[in-house]
>>> print(open('data.csv').read())   # CSV, C-alpha atoms
chain,number,residue,atom,x,y,z
A,222,MET,CA,103.3,1.1,209.1
A,223,HIS,CA,106.8,2.4,209.8
A,224,PRO,CA,106.5,6.1,210.5
A,225,ILE,CA,109.6,6.8,208.4
A,226,LEU,CA,109.7,4.1,205.7
A,227,GLY,CA,106.1,4.7,204.9
A,228,TYR,CA,106.7,8.3,203.7
A,229,ARG,CA,109.4,9.3,201.2
A,230,TRP,CA,109.7,12.8,202.5
A,231,ARG,CA,110.2,11.6,206.0
A,232,LEU,CA,112.8,9.1,204.9
A,233,LEU,CA,114.7,11.9,203.1
A,234,GLY,CA,114.5,14.1,206.1
A,235,TYR,CA,115.7,11.3,208.4
A,236,LEU,CA,118.7,10.6,206.2
A,237,LEU,CA,119.5,14.3,206.1
A,238,LEU,CA,119.6,14.3,209.9
A,239,TRP,CA,122.2,11.5,209.8
A,240,VAL,CA,124.2,13.3,207.1
A,241,THR,CA,124.3,16.3,209.5
A,242,PHE,CA,125.4,14.0,212.3
A,243,GLY,CA,128.1,12.6,210.1
A,244,ALA,CA,129.3,16.1,209.2
A,245,LEU,CA,129.5,17.0,212.9
A,246,LEU,CA,131.5,13.8,213.5
A,247,ALA,CA,133.8,14.6,210.6
A,248,GLY,CA,134.3,18.1,212.0
A,249,VAL,CA,135.3,16.7,215.4
A,250,ILE,CA,137.8,14.3,213.8
A,251,ALA,CA,139.3,17.1,211.8
A,252,VAL,CA,139.4,19.5,214.8
A,253,THR,CA,141.2,16.9,216.9
A,254,GLY,CA,143.9,16.7,214.2
A,255,GLN,CA,143.4,13.0,213.6
A,256,ALA,CA,142.8,13.5,209.9
A,257,SER,CA,142.0,16.1,207.3
A,258,LEU,CA,138.4,17.4,206.9
A,259,ARG,CA,138.2,15.9,203.4
A,260,TRP,CA,139.1,12.4,204.7
A,261,ALA,CA,137.0,12.8,207.8
A,262,GLY,CA,134.0,13.6,205.6
A,263,PHE,CA,134.6,10.6,203.3
A,264,PHE,CA,134.8,8.5,206.4
A,265,ALA,CA,132.2,9.8,208.8
A,266,ILE,CA,129.2,10.7,206.6
A,267,PRO,CA,128.6,7.3,205.1
A,268,LEU,CA,129.0,5.7,208.5
A,269,ALA,CA,126.4,8.1,210.0
A,270,VAL,CA,123.9,7.2,207.3
A,271,LEU,CA,124.6,3.5,207.9
A,272,MET,CA,123.9,4.0,211.6
A,273,GLY,CA,120.6,5.7,210.7
A,274,LEU,CA,119.6,2.7,208.6
A,275,GLU,CA,120.7,0.3,211.3
A,276,CYS,CA,118.4,2.0,213.8
A,277,LEU,CA,115.3,2.0,211.6
A,278,PRO,CA,114.2,-1.6,212.7
A,279,CYS,CA,114.3,-0.4,216.3
A,280,TRP,CA,110.8,1.0,215.6
A,281,TYR,CA,109.3,-2.4,216.0
A,282,LEU,CA,110.9,-2.8,219.4
A,283,VAL,CA,109.7,0.6,220.4
A,284,ARG,CA,106.1,-0.3,219.4
A,285,GLY,CA,106.2,-3.4,221.5
A,286,MET,CA,108.0,-2.0,224.5
A,287,ALA,CA,106.1,1.0,225.8
A,288,PRO,CA,107.7,2.3,229.0
A,289,GLU,CA,104.3,2.2,230.8
A,290,GLU,CA,103.7,-1.4,229.8
A,291,VAL,CA,107.0,-3.1,230.2
A,292,PRO,CA,109.0,-3.6,233.5
A,293,ALA,CA,112.0,-1.3,233.9
A,294,TRP,CA,114.5,-4.2,234.2
A,295,ARG,CA,113.3,-5.7,230.9
A,296,LEU,CA,113.3,-2.4,229.1
A,297,VAL,CA,116.8,-1.5,230.2
A,298,GLY,CA,118.1,-5.0,229.5
A,299,THR,CA,116.6,-5.2,226.1
A,300,TRP,CA,117.9,-1.8,225.0
A,301,LEU,CA,121.4,-2.4,226.4
A,302,GLY,CA,121.6,-5.7,224.5
A,303,THR,CA,120.2,-4.1,221.3
A,304,GLY,CA,122.5,-1.1,221.6
A,305,PHE,CA,125.5,-3.4,222.1
A,306,VAL,CA,124.7,-5.4,219.0
A,307,LEU,CA,124.1,-2.2,216.9
A,308,LEU,CA,127.3,-0.5,218.2
A,309,SER,CA,129.4,-3.7,217.6
A,310,LEU,CA,128.2,-4.0,214.0
A,311,TRP,CA,128.8,-0.3,213.4
A,312,ILE,CA,132.4,-0.4,214.9
A,313,ALA,CA,133.1,-3.4,212.8
A,314,VAL,CA,131.9,-1.6,209.6
A,315,ALA,CA,133.9,1.4,210.6
A,316,SER,CA,137.1,-0.7,210.9
A,317,GLY,CA,136.4,-2.2,207.5
A,318,TRP,CA,135.7,1.2,206.0
A,319,ILE,CA,139.1,2.5,207.2
A,320,ARG,CA,140.7,-0.4,205.5
A,321,ALA,CA,138.7,0.2,202.3
A,322,LEU,CA,139.8,3.9,202.2
A,323,ARG,CA,143.4,2.8,202.8
A,324,SER,CA,143.2,0.4,199.9
A,325,LEU,CA,142.0,3.3,197.7
A,326,ALA,CA,145.0,5.3,198.9
A,327,LEU,CA,142.7,7.8,200.5
A,328,THR,CA,143.7,7.1,204.1
A,329,PRO,CA,146.4,9.4,205.6
A,330,ASN,CA,148.4,8.4,208.6
A,331,VAL,CA,145.3,7.7,210.8
A,332,ASP,CA,145.7,5.6,213.9
A,333,PRO,CA,142.5,3.5,214.1
A,334,GLY,CA,143.1,3.0,217.8
A,335,MET,CA,142.9,6.8,218.4
A,336,LEU,CA,139.6,6.9,216.5
A,337,MET,CA,137.9,4.1,218.4
A,338,PRO,CA,137.0,6.0,221.6
A,339,LEU,CA,135.5,8.8,219.5
A,340,LEU,CA,133.6,6.3,217.4
A,341,VAL,CA,132.3,4.4,220.4
A,342,PHE,CA,131.1,7.7,222.0
A,343,ALA,CA,129.5,8.9,218.7
A,344,GLY,CA,127.9,5.5,218.2
A,345,CYS,CA,126.3,5.5,221.6
A,346,ALA,CA,125.1,9.0,221.2
A,347,GLY,CA,123.6,8.2,217.8
A,348,ILE,CA,121.8,5.1,218.9
A,349,LEU,CA,120.4,6.9,222.0
A,350,MET,CA,119.3,9.8,219.8
A,351,ALA,CA,117.6,7.4,217.4
A,352,VAL,CA,115.8,5.4,220.1
A,353,LEU,CA,114.6,8.5,221.8
A,354,GLY,CA,113.3,9.9,218.5
A,355,LEU,CA,111.5,6.7,217.8
A,356,TYR,CA,109.9,6.7,221.2
A,357,THR,CA,108.8,10.3,220.6
A,358,ALA,CA,107.2,9.2,217.3
A,359,ALA,CA,105.5,6.3,219.1
A,360,ALA,CA,104.1,8.6,221.7
A,361,PHE,CA,102.6,10.9,219.0
A,362,GLU,CA,101.2,7.9,217.3
A,363,ARG,CA,99.6,6.6,220.5
A,364,SER,CA,98.2,10.0,221.2
A,365,ARG,CA,96.7,10.2,217.7
A,366,ASP,CA,95.3,6.7,218.1
A,367,ALA,CA,93.8,7.6,221.5
A,368,GLU,CA,92.3,10.8,220.0
A,369,ARG,CA,90.8,8.8,217.1
A,370,ARG,CA,89.4,6.2,219.4
A,371,ALA,CA,87.9,8.9,221.6
A,372,LEU,CA,86.3,10.5,218.6
A,373,GLU,CA,84.9,7.1,217.4
A,374,LEU,CA,83.5,6.4,220.8
A,375,ARG,CA,81.9,9.8,221.0
A,376,ALA,CA,80.4,9.3,217.5
A,377,LEU,CA,79.1,5.8,218.5
A,378,ALA,CA,77.7,7.2,221.8
A,379,ARG,CA,75.9,10.0,219.8
A,380,GLU,CA,74.5,7.5,217.3
A,381,ALA,CA,73.3,5.3,220.1
A,382,GLU,CA,71.6,8.3,221.8
A,383,MET,CA,70.1,9.4,218.5
A,384,SER,CA,68.8,5.8,217.9
A,385,PHE,CA,67.3,5.6,221.4
A,386,LEU,CA,65.6,8.9,221.0
A,387,ARG,CA,64.1,7.9,217.6
A,388,ARG,CA,63.0,4.5,218.9
A,389,GLN,CA,61.4,6.4,221.9
A,390,LEU,CA,59.5,8.7,219.5
A,391,ASP,CA,57.7,6.0,217.5
A,392,PRO,CA,55.8,4.4,220.4
A,393,HIS,CA,55.0,7.8,221.8
A,394,PHE,CA,53.4,8.9,218.5
A,395,LEU,CA,51.7,5.5,218.0
A,396,PHE,CA,50.2,5.6,221.5
A,397,ASN,CA,48.6,9.0,220.9
A,398,ALA,CA,47.4,8.0,217.4
A,399,LEU,CA,45.8,4.8,218.6
A,400,ASN,CA,44.1,6.7,221.4
A,401,SER,CA,42.6,9.0,218.7
A,402,VAL,CA,41.4,6.0,216.7
A,403,ALA,CA,39.9,4.4,219.8
A,404,ALA,CA,38.0,7.6,220.5
A,405,LEU,CA,36.5,7.7,217.0
A,406,ILE,CA,35.5,4.0,216.7
A,407,GLY,CA,32.4,4.4,218.8
A,408,THR,CA,31.2,7.6,217.2
A,409,ASP,CA,32.5,7.6,213.6
A,410,ALA,CA,33.7,4.3,212.3
A,411,GLY,CA,34.3,5.7,208.8
A,412,ALA,CA,36.6,8.4,210.2
A,413,ALA,CA,38.4,5.8,212.3
A,414,ARG,CA,39.0,3.8,209.2
A,415,ARG,CA,40.2,6.8,207.3
A,416,MET,CA,42.6,7.7,210.1
A,417,CYS,CA,44.0,4.1,210.0
A,418,LEU,CA,44.7,4.5,206.3
A,419,LEU,CA,46.4,7.8,206.9
A,420,LEU,CA,48.4,6.3,209.7
A,421,ALA,CA,49.6,3.5,207.3
A,422,ASP,CA,50.6,6.2,204.8
A,423,PHE,CA,52.5,8.1,207.5
A,424,PHE,CA,54.4,5.1,208.7
A,425,ARG,CA,55.2,4.2,205.1
A,426,LYS,CA,56.7,7.6,204.5
A,427,SER,CA,58.6,7.4,207.8
A,428,LEU,CA,60.1,4.1,206.9
A,429,THR,CA,61.4,5.6,203.6
A,430,PHE,CA,63.5,8.0,205.7
A,431,SER,CA,64.3,5.7,208.6
A,432,ALA,CA,67.7,4.8,207.3
A,433,GLN,CA,68.7,8.5,207.1
A,434,GLN,CA,69.9,10.5,210.0
A,435,THR,CA,68.8,13.8,208.2
A,436,ILE,CA,66.4,14.5,205.5
A,437,ALA,CA,65.5,17.7,203.6
A,438,LEU,CA,63.0,20.0,205.3
A,439,ARG,CA,60.8,19.5,202.2
A,440,ASP,CA,60.5,15.8,203.1
A,441,GLU,CA,59.9,16.6,206.8
A,442,LEU,CA,57.1,18.9,205.8
A,443,THR,CA,55.5,16.2,203.7
A,444,LEU,CA,55.4,14.0,206.9
A,445,ILE,CA,53.9,16.9,208.9
A,446,GLU,CA,51.2,17.4,206.3
A,447,THR,CA,50.3,13.7,206.4
A,448,PHE,CA,50.3,13.9,210.2
A,449,LEU,CA,48.0,16.9,210.2
A,450,ALA,CA,45.7,15.1,207.8
A,451,ILE,CA,45.4,12.3,210.3
A,452,GLU,CA,44.5,14.8,213.1
A,453,GLU,CA,42.0,16.6,210.9
A,454,VAL,CA,40.0,13.4,210.7
A,455,ARG,CA,39.5,13.8,214.5
A,456,PHE,CA,39.3,17.6,214.9
A,457,GLY,CA,37.8,18.6,211.6
A,458,GLU,CA,37.4,22.3,211.1
A,459,ARG,CA,38.7,23.0,214.6
A,460,LEU,CA,42.2,22.3,213.3
A,461,ARG,CA,43.6,25.0,211.0
A,462,ARG,CA,47.1,25.1,209.7
A,463,SER,CA,49.5,27.3,207.8
A,464,LEU,CA,53.0,26.7,206.4
A,465,ASP,CA,55.3,29.7,205.7
A,466,VAL,CA,58.6,28.2,204.5
A,467,SER,CA,61.0,30.0,202.1
A,468,ASP,CA,62.2,28.1,199.0
A,469,ASP,CA,65.9,28.1,200.1
A,470,ALA,CA,64.8,26.6,203.5
A,471,LEU,CA,63.1,23.7,201.8
A,472,ALA,CA,66.4,22.3,200.6
A,473,MET,CA,68.1,22.4,204.1
A,474,SER,CA,68.7,19.2,206.0
A,475,VAL,CA,67.0,18.6,209.4
A,476,PRO,CA,67.0,15.5,211.6
A,477,ALA,CA,64.3,13.1,210.4
A,478,LEU,CA,61.0,13.4,212.3
A,479,LEU,CA,62.2,16.4,214.3
A,480,LEU,CA,59.1,18.6,213.8
A,481,GLN,CA,56.4,15.9,214.2
A,482,PRO,CA,56.5,15.8,218.0
A,483,LEU,CA,56.4,19.6,218.1
A,484,VAL,CA,53.2,19.6,215.9
A,485,GLU,CA,51.8,16.8,217.9
A,486,ASN,CA,52.3,18.8,221.2
A,487,ALA,CA,50.7,21.8,219.5
A,488,ILE,CA,47.6,19.8,218.9
A,489,HIS,CA,47.3,17.8,222.1
A,490,HIS,CA,48.3,20.5,224.5
A,491,GLY,CA,46.9,23.5,222.5
A,492,ILE,CA,44.2,22.9,219.9
A,493,ALA,CA,42.5,20.0,221.8
A,494,HIS,CA,41.6,22.4,224.7
A,495,LEU,CA,40.0,25.0,222.5
A,496,VAL,CA,36.2,24.6,221.8
A,497,ALA,CA,36.5,26.7,218.6
A,498,GLY,CA,39.8,25.1,217.7
A,499,GLY,CA,42.9,27.0,216.7
A,500,GLU,CA,45.7,27.3,214.2
A,501,ILE,CA,49.1,25.8,213.9
A,502,ASN,CA,51.8,27.7,212.0
A,503,VAL,CA,55.1,26.2,210.9
A,504,SER,CA,57.6,28.7,209.4
A,505,ALA,CA,61.2,28.4,208.3
A,506,ARG,CA,63.8,30.9,207.0
A,507,VAL,CA,67.5,30.8,206.3
A,508,ARG,CA,69.3,33.4,208.2
A,509,GLY,CA,73.0,33.5,207.3
A,510,THR,CA,74.4,30.2,208.5
A,511,LEU,CA,71.3,29.2,210.5
A,512,LEU,CA,68.0,27.7,209.6
A,513,ASP,CA,65.3,29.2,211.8
A,514,ILE,CA,62.2,27.1,212.3
A,515,ALA,CA,59.2,28.1,214.4
A,516,VAL,CA,56.2,26.0,215.4
A,517,GLU,CA,53.4,28.1,216.9
A,518,ASN,CA,50.0,27.2,218.1
A,519,THR,CA,47.1,29.0,219.8
A,520,CYS,CA,46.2,27.7,223.2
A,521,ASP,CA,43.6,28.3,226.0
A,522,ALA,CA,44.8,30.6,228.8
A,523,ASP,CA,42.7,28.6,231.2
A,524,ARG,CA,43.7,25.2,230.0
A,525,PRO,CA,44.3,22.5,232.7
A,526,VAL,CA,47.8,21.6,233.6
A,527,SER,CA,49.0,19.0,231.2
A,528,ARG,CA,49.3,15.4,232.5
A,529,GLY,CA,51.9,14.5,229.9
A,530,THR,CA,55.5,13.7,230.6
A,531,GLY,CA,56.9,16.3,228.3
A,532,LEU,CA,58.5,13.5,226.2
A,533,GLY,CA,58.1,15.3,222.9
A,534,LEU,CA,60.0,18.5,223.8
A,535,ARG,CA,62.7,16.5,225.7
A,536,ASN,CA,63.1,14.3,222.7
A,537,VAL,CA,63.5,17.1,220.2
A,538,ARG,CA,65.9,19.0,222.6
A,539,GLY,CA,68.0,15.8,223.1
A,540,ARG,CA,68.2,15.1,219.4
A,541,VAL,CA,69.3,18.7,218.6
A,542,GLU,CA,71.9,18.7,221.3
A,543,SER,CA,73.2,15.2,220.4
A,544,MET,CA,73.5,16.0,216.7
A,545,TYR,CA,74.7,19.7,216.7
A,546,GLY,CA,76.0,20.4,220.2
A,547,THR,CA,76.4,24.2,220.7
A,548,ARG,CA,75.9,24.9,217.0
A,549,ALA,CA,72.1,24.7,217.4
A,550,ARG,CA,69.6,26.3,219.9
A,551,MET,CA,66.1,25.5,221.0
A,552,HIS,CA,63.9,27.5,223.2
A,553,THR,CA,60.2,28.0,223.9
A,554,GLU,CA,58.0,31.1,224.3
A,555,SER,CA,54.7,31.0,226.1
A,556,SER,CA,51.9,33.6,226.4
A,557,PRO,CA,48.3,33.2,227.6
A,558,GLU,CA,47.1,32.6,224.0
A,559,LYS,CA,50.2,31.4,222.1
A,560,PHE,CA,52.9,28.8,222.5
A,561,ARG,CA,55.9,28.8,220.3
A,562,VAL,CA,59.0,26.5,219.8
A,563,LEU,CA,62.0,28.1,218.1
A,564,LEU,CA,64.8,26.1,216.6
A,565,ALA,CA,68.0,27.5,215.2
A,566,LEU,CA,69.9,24.8,213.3
A,567,PRO,CA,73.0,25.0,211.1
A,568,ALA,CA,71.9,25.8,207.5
A,569,THR,CA,73.2,22.8,205.6
A,570,PRO,CA,71.9,22.0,202.2
A,571,MET,CA,70.7,18.4,201.7
A,572,GLU,CA,72.9,16.6,199.2
A,573,ALA,CA,71.0,15.2,196.2
A,574,PRO,CA,71.1,11.4,196.0
A,575,ARG,CA,73.7,10.1,193.6
A,576,ALA,CA,72.5,8.4,190.4
A,577,HIS,CA,73.3,4.7,190.3
A,578,PRO,CA,75.8,3.8,187.5
A,579,ASP,CA,74.5,1.7,184.7
A,580,ARG,CA,75.2,-1.9,185.1
>>> encode(input="data.csv", output="structure tokens")
Amino acid sequence: MHPILGYRWRLLGYLLLWVTFGALLAGVIAVTGQASLRWAGFFAIPLAVLMGLECLPCWYLVRGMAPEEVPAWRLVGTWLGTGFVLLSLWIAVASGWIRALRSLALTPNVDPGMLMPLLVFAGCAGILMAVLGLYTAAAFERSRDAERRALELRALAREAEMSFLRRQLDPHFLFNALNSVAALIGTDAGAARRMCLLLADFFRKSLTFSAQQTIALRDELTLIETFLAIEEVRFGERLRRSLDVSDDALAMSVPALLLQPLVENAIHHGIAHLVAGGEINVSARVRGTLLDIAVENTCDADRPVSRGTGLGLRNVRGRVESMYGTRARMHTESSPEKFRVLLALPATPMEAPRAHPDR
């Protein structure tokens, strides 16, 4: 789209600039004593507006001849030729306009030959001004396009990273879950079967939200409760849980499956090492513009060093940083008997799904 013709207010401003240019040219003609100011205004202002309209198509040459992309000899040659054509047409119209004013008995004793040098200089200056202005507009447009492409590339990179992290999470969870099923098959086949049914329910719920980047914390907690029900089949009364979530926090959006790996870590690196079991506490509060979430579990002070890869915590940290950047924080706190993961996310209410219009 033409940067001037595509916007009415820009076109009006552009024409006003050329009216001003024409008024300056009229003032020069009057000051040099070649004609009265009234006649010079009648003569110069319409010619200046005409030059502005003549220069508008130069935009397409400017777009196709960026200085960094076109050899200098071709750039100079093209614009010299274009400028010569534009100036010749303008001078021809100026000569005709003098004759028209003379036929209307508006022309005083004006010598066209005396005006020509001034008109040639004014024409060259006007064409140069128009071309430089169009090149400036083209530079701004290329800058905006480059910025937009950079933003699009960053968004695509972030989506790719988020997609990778989510694909990485599913096999990690499935691997641990199948290990739990395998451990139960030999000792309690009924419990193993019950766990498989709960796993199917968990993955069914996960697929419901798989197309969404974020879900309401309420839905995330539903997934957590299903996951804990799966683990309770294995750990029984050794696994105790508590949820302490405020009503306003339930409606806030969080990345889908963000808390599941934290709860999974709490079980496999905390509760699993305690003979008497332990408790997992998930809490969430809205604090100003932040949603504070904490996942805490009891642990054994003498537990062996974990042989895990730390994938769960790295995954959560990576997803938080990719989605929110510096607007969110995650850190951990560890004591001999407690381990806590703290998240501070932007408090953004989850939009309600729009109703489908009747067909």
>>> residues_around(input="data.csv", residues="A:Arg550", least_positions_apart="2", cutoff="7 Å", atoms="only C-alpha atoms", output="PyMOL selection string")
chain A and resi 552+564-566
>>> residues_around(input="data.csv", residues="A:Glu572", least_positions_apart="5", cutoff="10 Å", atoms="all atoms listed in the file", output="ChimeraX atom specification")
/A:436-437,472-474
>>> closest_residue(input="data.csv", among="A:Glu368, A:Asp513, A:Glu441, A:Asp523", to="A:Val484", atoms="all atoms listed in the file")
A:Glu441
>>> residues_around(input="data.csv", residues="A:Leu420", least_positions_apart="2", cutoff="9 Å", atoms="all atoms listed in the file", output="count of residues only")
13
>>> residues_around(input="data.csv", residues="A:Ala497", least_positions_apart="6", cutoff="9 Å", atoms="only C-alpha atoms", output="PyMOL selection string")
chain A and resi 458-460
>>> atom_distance(input="data.csv", atom1="atom CA of A:Val283", atom2="atom CA of A:Tyr356")
6.2 Å
>>> closest_residue(input="data.csv", among="A:Met337, A:Leu399, A:Ala358, A:Ala244", to="A:Ala287", atoms="only C-alpha atoms")
A:Ala358
>>> atom_distance(input="data.csv", atom1="atom CA of A:Trp230", atom2="atom CA of A:Gly248")
26.9 Å
>>> residues_around(input="data.csv", residues="A:Ser316", least_positions_apart="4", cutoff="9 Å", atoms="all atoms listed in the file", output="MDAnalysis selection string")
chainID A and resid 311:312 320:321 333 337
>>> closest_residue(input="data.csv", among="A:Gly539, A:Gly491, A:Gly407, A:Gly354", to="A:Leu277", atoms="all atoms listed in the file")
A:Gly354
>>> closest_residue(input="data.csv", among="A:Thr435, A:Thr443, A:Asn518, A:Ser467", to="A:Tyr545", atoms="all atoms listed in the file")
A:Thr435
